[in-house]
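Written below as structure tokens is the structure these notes are about.
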Amino acid sequence: MIGKVLRGVRVQGLLRYLYGPGANGEHRDPHIVAGFDDPIDLEPPVGPGGRDFRRLDGLLTQPLALLGERNYRKPVWHCAVRAAPEDPILTDAQWAQVATEIMHRTGLASDRDVEAVRWIAVRHADDHVHIVATLARSDGFRPEVWNDGYRVRDACRAMEQRYGLRSTAPADRTAARRPKRGETEKAVRRGKAVPSRTLLHRTVQTAAASARSEEEFFDHLKAEGVLVRQRYSQRTTGQVTGYAVALADDVNAEGQPIWYGGGKLAADLTLPRLRRRWTSADGSVRAPSAAGLLDGRHLSVRTKRVLLRTTVRRAADKSRTSTEFLQRLQDDGLWVKPRYSQLDPGQITGYAVAFPTEHGGEEPAWIPGSRLADDLSLSRLRQCWSGHVTDHTPIIEHDELTPEERQAFYDDAARAASYATAQICRHLATNPYAAQDACWAASDALHVAAKATGNRHLRRAADAYDRAARAPYGRIPRPTPAGNALRTAARLLALTGSARNRTTVSIVLLVANLITLCDTIAELRRLQHRQAQADAARRAAAHVREARHATGIPVPRQSEPTATPSQVSLAMAGFPMPWASMHPAATGRPAAPSPARPIGDRRGL
């Protein structure tokens with residue numbers, strides 16, 4: 001059962017619609033089933049010219065006169081409540097109970113409150129009713145309607161349990177903002193595949209997953225051709241408190257861009273919540289290493305070298321002196337070791353960089369800048385900064401990746417996804433609520449994978465998975481190793497860019513691991529009793545399977561145990577722990593970990 005709240009100005013116009021034939025003659029036998037008074041007394045009489053709404057209209061609008069200028073701009077509160085097509089048909093008395101419960105939970109007309117707002121519930125079809133109320137109490141006070149939609153949702157769920165109706169999702173703020181009807185129709189008229197709100201949500205989500213700082217986030221948006229407008233604090237000069245985005249070709253009647261704030265796209269895309277992706281509670285950088293990858297523990301040697309090169313090049317492009325350059329490298333989380341002159345101890349003649357090591361347990365692998373690239377030696381960089389080299393322009397890191405380096409990024413991203421899946425499987429048997437960070441980060445991996453590969457099935461998977469990612473009520477989870485691994489995968493895929501020749505990049509292992517990841521998260525959400533999120537994860541897994549079929553990956557039949565294993569089956573067998581079955585067992589508990597492969601066996605992770 002779902003309820004949708006609307007607001008209007010005139011009561012009589014709404015009454016004429018509810019008692020009218022409807023757009024296609026679907027309104028049959030309209031009558032009042034509940035209200036602030038006896039429904040029989042409130043029913044508008046039928047005269048020679050049809051229904052006479054004057055008395056009912058007067059009763060409903062009379063309290064509005066007491067408020068005068070304190071009235072709401074739209075004082076008519078309209079709530080349409082509909083049951084699912086497969087639900088049993090409720091009686092008038094049952095629909096009256098539904099309407100009464102909604103009015104009670106919203107606080108508009110609580111039990112035994114004789115001064116409450118005046119309202120009626122009209123039924124003109126088998127599967128739904130319309131509740132009409134005027135937002136004015138009989139004692140002259142104006143009722144509060146803040147968050148009334150969430151209270152309507154709670155009332156509908158209570159009625160589902162009472163009458164055995166189809167269970168729907170709670171109002172836990174995990175769903176993204178859907179495009180409005182006008183936005184959808186506008187996209188159809190202009191021949192666009194999706195409305196502007198949906199396209200902006202994808203772009204902002206991908207930019208947030210790819211960035212390692214607020215500055216990079218806005219740079220990514222501008223690089224995608226998105227208009228960005230920052231909101232500044234009225235108290236602190238220069239402090240950015242929010243942002244809005246728009247498309248250049250999406251304008252209103254006055255020719256001005258239509259702006260969407262981050263919170264209008266999704267609850268976790270507001271600027272304060274985005275900042276928590278990049279900084280910890282004390283304000284320090286959350287990801288203290290190059291390229292926002294936390295550390296290099298799960299990366300191959302080739303990938304580490306490329307990440308060092310791209311991070312150093314980015315810092316060099318934004319610097320103009322040696323001191324600024326070395327400081328930027330440290331801010332990016334790299335360890336930096338300057339080389340000093342033997343003749344002049346205060347003069348820096350070179351540098352070396354390395355990934356931070358965990359707990360200081362081993363000596364870092366220092367690599368001089370000249371070994372990363374010829375133009376990254378300190379002497380060459382100083383020539384660029386002094387203007388002696390005129391053709392130096394900033395280079396986007398993924399443009400210089402070789403096919404082998406790009407393949408290494410994909411392989412490491414696949415291994416990071418595998419590691420995250422193994423960590424989530426551990427939580428299936430212990431504490432399903434401890435894997436929230438991984439569920440959230442999985443959305444980043446899917447969105448960036450869709451952009452990097454250009455695969456439409458992965459794009460659909462990212463869109464379908466969207467709701468499964470978020471924690472209830474917009475909470476930002478604490479970072480965990482599983483979530484960090486998926487953010488590593490997202491960042492690696494973002495650095496590959498959109499390959500011009502995708503035949504050189506094999507995504508077999510990545511797609512296989514994403515399938516298992518979505519299946520595991522679906523089972524996790526089921527154990528958390530979050531059905532809507534579990535369904536979203538299952539839909540995402542189905543779309544990723546379509547991506548697997550689109551790549552031509554052979555899928556062996558279960559009835560052929562002697563068949564030669566495919567790359568997908570080998571990838572599936574390589575997981576440190578088995579994933580839980582998607583078919584709930586009678587006990588409702590996930591399968592126990594296999595003793596044949598200990599948890600510590602990370603297969604090189």
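In the structure tokens, each chain is lettered A, B, ... as it comes, each chain's residues begin at 1, and ligands are numbered from 1 in order of appearance.
Proximity to Ala489 of chain A at 8 Å, evaluated using only C-alpha atoms and with sequence-adjacent residues fewer than 6 positions away removed, yields Asp412, Ala413, Ala414, Ala416, Ala417 and Ala445 of chain A.
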Dump of N, CA and C atoms for the selected residues, as a JSON list (two decimals), in the first residue's frame:
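Here's the written file again-v2.json:
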[["chain", "number", "residue", "atom", "x", "y", "z"],
["A", 412, "ASP", "N", 43.50, -5.53, -10.83],
["A", 412, "ASP", "CA", 43.55, -5.17, -9.42],
["A", 412, "ASP", "C", 42.17, -4.75, -8.90],
["A", 413, "ALA", "N", 41.38, -4.08, -9.74],
["A", 413, "ALA", "CA", 40.02, -3.73, -9.34],
["A", 413, "ALA", "C", 39.19, -4.99, -9.09],
["A", 414, "ALA", "N", 39.37, -5.99, -9.94],
["A", 414, "ALA", "CA", 38.65, -7.25, -9.76],
["A", 414, "ALA", "C", 39.07, -7.93, -8.47],
["A", 416, "ALA", "N", 40.26, -6.45, -5.80],
["A", 416, "ALA", "CA", 39.72, -5.67, -4.69],
["A", 416, "ALA", "C", 38.25, -6.01, -4.45],
["A", 417, "ALA", "N", 37.47, -6.18, -5.54],
["A", 417, "ALA", "CA", 36.07, -6.57, -5.40],
["A", 417, "ALA", "C", 35.94, -7.96, -4.79],
["A", 445, "ALA", "N", 31.74, 1.46, -7.07],
["A", 445, "ALA", "CA", 32.40, 0.55, -8.01],
["A", 445, "ALA", "C", 31.54, 0.32, -9.25]]
Residues of segment 149-180 of chain A that have any atom at most 9 Å from an atom of segment 193-208 of chain A: could you tabulate them with the shortest-distance atom pair and the distance in Å to one decimal, using only C-alpha atoms, ordered by chain and increasing number, as CSV?
residue,atom,partner,partner_atom,distance
A:Ala176,CA,A:His201,CA,8.8
A:Arg177,CA,A:Arg197,CA,8.4
A:Arg178,CA,A:Thr198,CA,7.7
A:Pro179,CA,A:Arg197,CA,6.1
A:Lys180,CA,A:Arg197,CA,9.0
Restricting it to N, CA, C and O atoms, dump the selection as a PDB file, in the first residue's frame.
ATOM      1  N   ALA A 176      16.575   7.223  -3.962  1.00  0.00           N
ATOM      2  CA  ALA A 176      16.961   8.489  -4.580  1.00  0.00           C
ATOM      3  C   ALA A 176      15.711   9.249  -5.009  1.00  0.00           C
ATOM      4  O   ALA A 176      14.615   8.691  -5.097  1.00  0.00           O
ATOM      5  N   ARG A 177      15.896  10.540  -5.242  1.00  0.00           N
ATOM      6  CA  ARG A 177      14.777  11.358  -5.702  1.00  0.00           C
ATOM      7  C   ARG A 177      14.420  10.978  -7.139  1.00  0.00           C
ATOM      8  O   ARG A 177      15.268  11.053  -8.028  1.00  0.00           O
ATOM      9  N   ARG A 178      13.183  10.569  -7.344  1.00  0.00           N
ATOM     10  CA  ARG A 178      12.754  10.196  -8.690  1.00  0.00           C
ATOM     11  C   ARG A 178      12.399  11.428  -9.513  1.00  0.00           C
ATOM     12  O   ARG A 178      11.954  12.440  -8.956  1.00  0.00           O
ATOM     13  N   PRO A 179      12.580  11.359 -10.811  1.00  0.00           N
ATOM     14  CA  PRO A 179      12.162  12.497 -11.649  1.00  0.00           C
ATOM     15  C   PRO A 179      10.658  12.703 -11.552  1.00  0.00           C
ATOM     16  O   PRO A 179       9.878  11.752 -11.452  1.00  0.00           O
ATOM     17  N   LYS A 180      10.260  13.959 -11.573  1.00  0.00           N
ATOM     18  CA  LYS A 180       8.841  14.274 -11.558  1.00  0.00           C
ATOM     19  C   LYS A 180       8.226  14.003 -12.929  1.00  0.00           C
ATOM     20  O   LYS A 180       8.943  13.822 -13.921  1.00  0.00           O
TER      21      LYS A 180
END
Report the residues of segment 126-277 of chain A whose backbone DSSP state falls under helix (DSSP H, G or I), written as a ChimeraX atom specification. /A:148-163,181-189,196-210,214-223,262-265,267-269,271-277
Mind pulling up the distance from atom CA of Gln62 of chain A to atom CA of Val145 of chain A?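 Computed distance, atom CA of Val145 of chain A to atom CA of Gln62 of chain A, equals 19.3 Å.
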Of the listed residues A:Gln407, A:Ser138, A:Thr430, A:Ser379, that which approaches Ser300 of chain A most closely, counting only C-alpha atoms: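 Using only C-alpha atoms, the shortest distance to Ser300 of chain A belongs to A:Gln407.
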Exercise: Tyr232 of chain A partners within 9 Å, only C-alpha atoms, chain neighbours under 4 positions left out, as JSON, numbers by chain: {"A": [236, 237, 238, 239, 240, 241, 242, 243]}
File dump, residues just selected, all heavy atoms, as a compact mmCIF listing (two decimals), in the first residue's frame:
# COMPACT_ATOMS: atom_id res chain seq x y z
N THR A 236 30.58 32.94 7.28
CA THR A 236 32.02 32.82 7.09
C THR A 236 32.35 33.10 5.63
O THR A 236 31.90 32.37 4.74
CB THR A 236 32.52 31.42 7.48
OG1 THR A 236 32.10 31.12 8.81
CG2 THR A 236 34.03 31.34 7.39
N THR A 237 33.13 34.11 5.39
CA THR A 237 33.47 34.51 4.02
C THR A 237 34.30 33.42 3.35
O THR A 237 35.29 32.94 3.90
CB THR A 237 34.25 35.84 4.02
OG1 THR A 237 33.48 36.83 4.70
CG2 THR A 237 34.55 36.29 2.60
N GLY A 238 33.89 33.06 2.15
CA GLY A 238 34.63 32.09 1.37
C GLY A 238 34.36 30.63 1.69
O GLY A 238 34.89 29.75 1.01
N GLN A 239 33.56 30.34 2.69
CA GLN A 239 33.26 28.95 3.05
C GLN A 239 32.14 28.41 2.19
O GLN A 239 31.05 28.97 2.13
CB GLN A 239 32.87 28.85 4.52
CG GLN A 239 32.57 27.42 4.96
CD GLN A 239 32.11 27.34 6.40
OE1 GLN A 239 31.93 28.38 7.06
NE2 GLN A 239 31.90 26.14 6.91
N VAL A 240 32.41 27.28 1.51
CA VAL A 240 31.43 26.63 0.66
C VAL A 240 30.57 25.71 1.52
O VAL A 240 31.09 24.82 2.21
CB VAL A 240 32.11 25.84 -0.48
CG1 VAL A 240 31.06 25.17 -1.37
CG2 VAL A 240 32.98 26.76 -1.32
N THR A 241 29.28 25.90 1.48
CA THR A 241 28.37 25.09 2.29
C THR A 241 27.49 24.15 1.47
O THR A 241 26.81 23.31 2.03
CB THR A 241 27.45 26.00 3.12
OG1 THR A 241 26.71 26.86 2.23
CG2 THR A 241 28.27 26.86 4.06
N GLY A 242 27.49 24.30 0.16
CA GLY A 242 26.67 23.44 -0.68
C GLY A 242 26.96 23.68 -2.14
O GLY A 242 27.84 24.47 -2.51
N TYR A 243 26.22 22.98 -2.98
CA TYR A 243 26.42 23.12 -4.42
C TYR A 243 25.14 22.75 -5.14
O TYR A 243 24.23 22.12 -4.57
CB TYR A 243 27.57 22.23 -4.90
CG TYR A 243 27.22 20.75 -4.92
CD1 TYR A 243 26.82 20.12 -6.10
CD2 TYR A 243 27.26 19.99 -3.75
CE1 TYR A 243 26.48 18.78 -6.11
CE2 TYR A 243 26.93 18.65 -3.75
CZ TYR A 243 26.54 18.05 -4.93
OH TYR A 243 26.19 16.72 -4.95
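Atom pair atom CA of Ile120 of chain A / atom CA of His78 of chain A: separated by 10.0 Å.
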Could you write out, as a PyMOL selection string, all the residues of segment 175-348 of chain A that DSSP marks as strand (DSSP E or B)? chain A and resi 227-232+240-246+251+257+260-261+279+285+335-340+348
Separation of atom CA of Asp41 of chain A from atom CA of Gln94 of chain A, in Å and rounded to one decimal: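 Computed distance, atom CA of Asp41 of chain A to atom CA of Gln94 of chain A, equals 19.4 Å.
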For Glu546 of chain A: contacts at 10 Å, only C-alpha atoms, fewer than 2 positions along chain excluded, given as an NGL selection string: :A and (456-458 or 460-461 or 511 or 540-544 or 548-551)
Please list as a PyMOL selection string every residue within 6 Å of segment 368-370 of chain A, counting only C-alpha atoms and excluding residues in the same chain fewer than 5 positions away. chain A and resi 351-352+376-377
Which one is closest to Val336 of chain A: A:Ile367, A:Arg309, A:Glu101, A:Ala83? Count only C-alpha atoms. A:Ile367
For Asp52 of chain A, list every protein, DNA or RNA residue within 12 Å, evaluated using only C-alpha atoms, and leave out those in the same chain fewer than 3 positions away; present the list as JSON, numbers by chain. {"A": [12, 15, 16, 19, 42, 43, 44, 45, 46, 47, 48, 49, 55, 56, 57, 58]}
Kindly export the residues of the current selection with N, CA and C atoms, as a CSV table (one decimal), in the first residue's frame.
chain,number,residue,atom,x,y,z
A,12,GLN,N,-13.4,22.7,-3.7
A,12,GLN,CA,-14.5,22.3,-4.6
A,12,GLN,C,-14.0,21.7,-5.9
A,15,LEU,N,-13.1,18.1,-5.2
A,15,LEU,CA,-14.3,17.3,-5.0
A,15,LEU,C,-15.0,17.0,-6.3
A,16,ARG,N,-15.1,17.9,-7.2
A,16,ARG,CA,-15.7,17.6,-8.5
A,16,ARG,C,-14.9,16.6,-9.3
A,19,TYR,N,-15.6,13.1,-7.6
A,19,TYR,CA,-17.0,12.6,-7.9
A,19,TYR,C,-17.3,12.6,-9.4
A,42,LEU,N,-22.1,13.8,5.7
A,42,LEU,CA,-21.2,14.5,4.9
A,42,LEU,C,-21.4,14.3,3.4
A,43,GLU,N,-22.0,13.2,3.0
A,43,GLU,CA,-22.2,12.9,1.6
A,43,GLU,C,-22.9,14.0,0.9
A,44,PRO,N,-22.4,14.6,-0.2
A,44,PRO,CA,-23.1,15.6,-0.9
A,44,PRO,C,-24.3,15.1,-1.6
A,45,PRO,N,-25.4,15.8,-1.5
A,45,PRO,CA,-26.7,15.3,-2.0
A,45,PRO,C,-26.7,15.4,-3.6
A,46,VAL,N,-27.5,14.5,-4.2
A,46,VAL,CA,-27.7,14.5,-5.6
A,46,VAL,C,-29.0,15.3,-6.0
A,47,GLY,N,-28.8,16.3,-6.8
A,47,GLY,CA,-29.9,17.1,-7.2
A,47,GLY,C,-30.2,17.0,-8.7
A,48,PRO,N,-31.1,17.7,-9.2
A,48,PRO,CA,-31.5,17.6,-10.7
A,48,PRO,C,-30.3,17.9,-11.6
A,49,GLY,N,-29.4,18.8,-11.1
A,49,GLY,CA,-28.2,19.2,-11.9
A,49,GLY,C,-27.0,18.4,-11.5
A,55,ARG,N,-22.5,22.6,0.5
A,55,ARG,CA,-22.4,22.4,2.0
A,55,ARG,C,-21.1,21.7,2.4
A,56,LEU,N,-20.7,20.7,1.7
A,56,LEU,CA,-19.5,20.0,2.0
A,56,LEU,C,-18.3,20.9,1.9
A,57,ASP,N,-18.3,21.7,0.8
A,57,ASP,CA,-17.2,22.7,0.6
A,57,ASP,C,-17.2,23.7,1.7
A,58,GLY,N,-18.3,24.2,2.1
A,58,GLY,CA,-18.3,25.1,3.2
A,58,GLY,C,-17.8,24.6,4.5
Which residues, written as a PyMOL selection string, have at least one atom at most 12 Å from Glu69 of chain A, with only C-alpha atoms counted and residues fewer than 3 positions away on the same chain left out? chain A and resi 64-66+72-73+75+136+140+142
Could you save those same residues with C-alpha atoms as a short mmCIF file (atom, residue, chain, number, x, y, z; two decimals), in the first residue's frame?
data_model
loop_
_atom_site.label_atom_id
_atom_site.label_comp_id
_atom_site.auth_asym_id
_atom_site.auth_seq_id
_atom_site.Cartn_x
_atom_site.Cartn_y
_atom_site.Cartn_z
CA LEU A 64 -9.54 28.47 6.98
CA ALA A 65 -11.26 31.77 7.70
CA LEU A 66 -9.95 31.68 11.28
CA TYR A 72 -0.70 27.95 3.98
CA ARG A 73 -0.27 29.07 0.39
CA PRO A 75 -4.14 24.83 2.27
CA ALA A 136 -6.66 24.64 9.58
CA GLY A 140 -7.62 28.68 15.09
CA ARG A 142 -2.33 25.93 11.89
#
Nearest to Glu405 of chain A: which of A:Leu108, A:Leu495, A:Leu227, A:Ala267 is it, counting only C-alpha atoms? A:Leu495
